[in-house]
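Q: I am attaching a structure below and will ask some questions about it afterwards.
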Amino acid sequence: MDYRTWRFSRKERLRYGLEALAVTGILAFCFYNSPWALAVFPLTAFWYFREKGEQLAEERRKELKLQFRDAVQGMAAALAAGYSAENAIREAGRDLRLVYPESADMVQELAAMQRKLDANQTVEEVIRDFASRSGLEEAETFSEIFAVGKRSGGDLIAIMKDTARTISQTVDTERQAASVLASRRYEQKIMNVIPFAMVLYLRFGSPGFLDPVYGNAAGIAIMTGCLALYLAARQLGKKLLEIEV
């Protein structure tokens, strides 16, 4: 499984497809007042599914990062108890099953690692394979350092403890940043809704006020320009609130 992308289930496709249709309907009503504008539904659906896919994949990677930290800590504890690196993965899998459900991503990954080890793959290969699919910078760095340490006889316990500590610090920093920006994200959501609220207020509060911009080429051009500015402002606001840790 590639954690850098999100694969929608059938239920999710139906749900987000209906949401994309609703968004298309709102855009058609507010900006063009024409059912013909619903023809842009495929474009809206493509954008909506991409946005949702990125959001869901990011949330999944954040959860995977926490599970990976716990797995590394479990492996370090097993190594300290005298287990080999291969058996440390098995012990970490048992430990994670006490904390997370069987369906948890890292529990499934450790089970897959065990099967690959049973098929005579090396521990470096199975860790590298997971790291390449995880989308986690920490996992990729750990994979490289672990492979070098394994070949050169380095202190694997120290490597794992340092990895777990780094992930914990990163998670704490991300949580602090999210807490500081929570009010700004809430304000952005309100600002994203205000243009539509204003148009709807004018449509229902002052019937006929916006008629000059509907049903003619000049009005369509103006409203399309307004929509483009809105989307650009929305994207800019989103980028400003994204903080890489």
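Residues in the structure tokens are numbered from 1 in each chain, the chains being A, B, ... in the order shown, and ligands are numbered from 1 in the order shown.
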Identify, with DSSP run on backbone atoms, the residues in segment 108-157 of chain A assigned to helix (DSSP H, G or I), and express the list as a ChimeraX atom specification.

A: /A:108-118,123-134,137-152,156-157

Q: Could you turn the residues from that selection into a file that holds C-alpha atoms, as a PDB file, in the first residue's frame?

A:
```pdb
ATOM      1  CA  GLN A 108      -0.656  -4.739   9.239  1.00  0.00           C
ATOM      2  CA  GLU A 109       2.752  -3.557   8.037  1.00  0.00           C
ATOM      3  CA  LEU A 110       4.598  -5.419  10.795  1.00  0.00           C
ATOM      4  CA  ALA A 111       2.621  -8.558   9.981  1.00  0.00           C
ATOM      5  CA  ALA A 112       3.615  -8.147   6.315  1.00  0.00           C
ATOM      6  CA  MET A 113       7.248  -7.673   7.378  1.00  0.00           C
ATOM      7  CA  GLN A 114       7.106 -10.932   9.314  1.00  0.00           C
ATOM      8  CA  ARG A 115       5.797 -12.784   6.269  1.00  0.00           C
ATOM      9  CA  LYS A 116       8.558 -11.329   4.099  1.00  0.00           C
ATOM     10  CA  LEU A 117      11.180 -12.309   6.669  1.00  0.00           C
ATOM     11  CA  ASP A 118       9.767 -15.835   6.655  1.00  0.00           C
ATOM     12  CA  VAL A 123      15.306  -7.076   7.516  1.00  0.00           C
ATOM     13  CA  GLU A 124      16.898  -4.156   5.677  1.00  0.00           C
ATOM     14  CA  GLU A 125      14.817  -4.897   2.586  1.00  0.00           C
ATOM     15  CA  VAL A 126      11.486  -5.110   4.406  1.00  0.00           C
ATOM     16  CA  ILE A 127      12.124  -1.884   6.305  1.00  0.00           C
ATOM     17  CA  ARG A 128      13.257  -0.130   3.126  1.00  0.00           C
ATOM     18  CA  ASP A 129      10.141  -1.307   1.295  1.00  0.00           C
ATOM     19  CA  PHE A 130       7.874   0.118   4.003  1.00  0.00           C
ATOM     20  CA  ALA A 131       9.802   3.385   4.146  1.00  0.00           C
ATOM     21  CA  SER A 132       9.528   3.884   0.370  1.00  0.00           C
ATOM     22  CA  ARG A 133       5.724   3.525   0.530  1.00  0.00           C
ATOM     23  CA  SER A 134       5.084   5.340   3.797  1.00  0.00           C
ATOM     24  CA  GLU A 137      10.644  11.298   5.929  1.00  0.00           C
ATOM     25  CA  GLU A 138      11.434   9.802   9.337  1.00  0.00           C
ATOM     26  CA  ALA A 139      10.871   6.267   8.063  1.00  0.00           C
ATOM     27  CA  GLU A 140      13.093   6.815   5.030  1.00  0.00           C
ATOM     28  CA  THR A 141      15.878   8.269   7.173  1.00  0.00           C
ATOM     29  CA  PHE A 142      15.539   5.423   9.668  1.00  0.00           C
ATOM     30  CA  SER A 143      15.704   2.864   6.859  1.00  0.00           C
ATOM     31  CA  GLU A 144      18.958   4.278   5.529  1.00  0.00           C
ATOM     32  CA  ILE A 145      20.606   4.607   8.938  1.00  0.00           C
ATOM     33  CA  PHE A 146      19.396   1.172  10.024  1.00  0.00           C
ATOM     34  CA  ALA A 147      20.836  -0.472   6.886  1.00  0.00           C
ATOM     35  CA  VAL A 148      24.228   1.177   7.417  1.00  0.00           C
ATOM     36  CA  GLY A 149      24.218   0.349  11.134  1.00  0.00           C
ATOM     37  CA  LYS A 150      23.256  -3.275  10.478  1.00  0.00           C
ATOM     38  CA  ARG A 151      26.071  -3.775   7.982  1.00  0.00           C
ATOM     39  CA  SER A 152      28.703  -1.964  10.015  1.00  0.00           C
ATOM     40  CA  LEU A 156      20.895  -0.244  16.504  1.00  0.00           C
ATOM     41  CA  ILE A 157      19.263   0.378  19.884  1.00  0.00           C
TER      42      ILE A 157
END
```

Q: With the cut-off set at 12 Å and counting only C-alpha atoms, tabulate each residue of segment 27-57 of chain A with an atom at most that distance from an atom of segment 186-206 of chain A, showing the nearest atom pair and its distance in Å to one decimal, ordered by chain and increasing number, as JSON lines.

A:
```
{"residue": "A:Leu27", "atom": "CA", "partner": "A:Phe196", "partner_atom": "CA", "distance": 8.6}
{"residue": "A:Ala28", "atom": "CA", "partner": "A:Phe196", "partner_atom": "CA", "distance": 11.3}
{"residue": "A:Phe29", "atom": "CA", "partner": "A:Leu200", "partner_atom": "CA", "distance": 9.0}
{"residue": "A:Cys30", "atom": "CA", "partner": "A:Val199", "partner_atom": "CA", "distance": 6.2}
{"residue": "A:Phe31", "atom": "CA", "partner": "A:Val199", "partner_atom": "CA", "distance": 8.3}
{"residue": "A:Tyr32", "atom": "CA", "partner": "A:Val199", "partner_atom": "CA", "distance": 11.1}
{"residue": "A:Asn33", "atom": "CA", "partner": "A:Arg203", "partner_atom": "CA", "distance": 10.0}
```

Q: Which residue gives the smallest distance to Met75 of chain A among A:Lys161, A:Lys62, A:Arg50, A:Arg4, with only C-alpha atoms counted?

A: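 Comparing A:Lys161, A:Lys62, A:Arg50, A:Arg4 against Met75 of chain A, the winner is A:Lys161.
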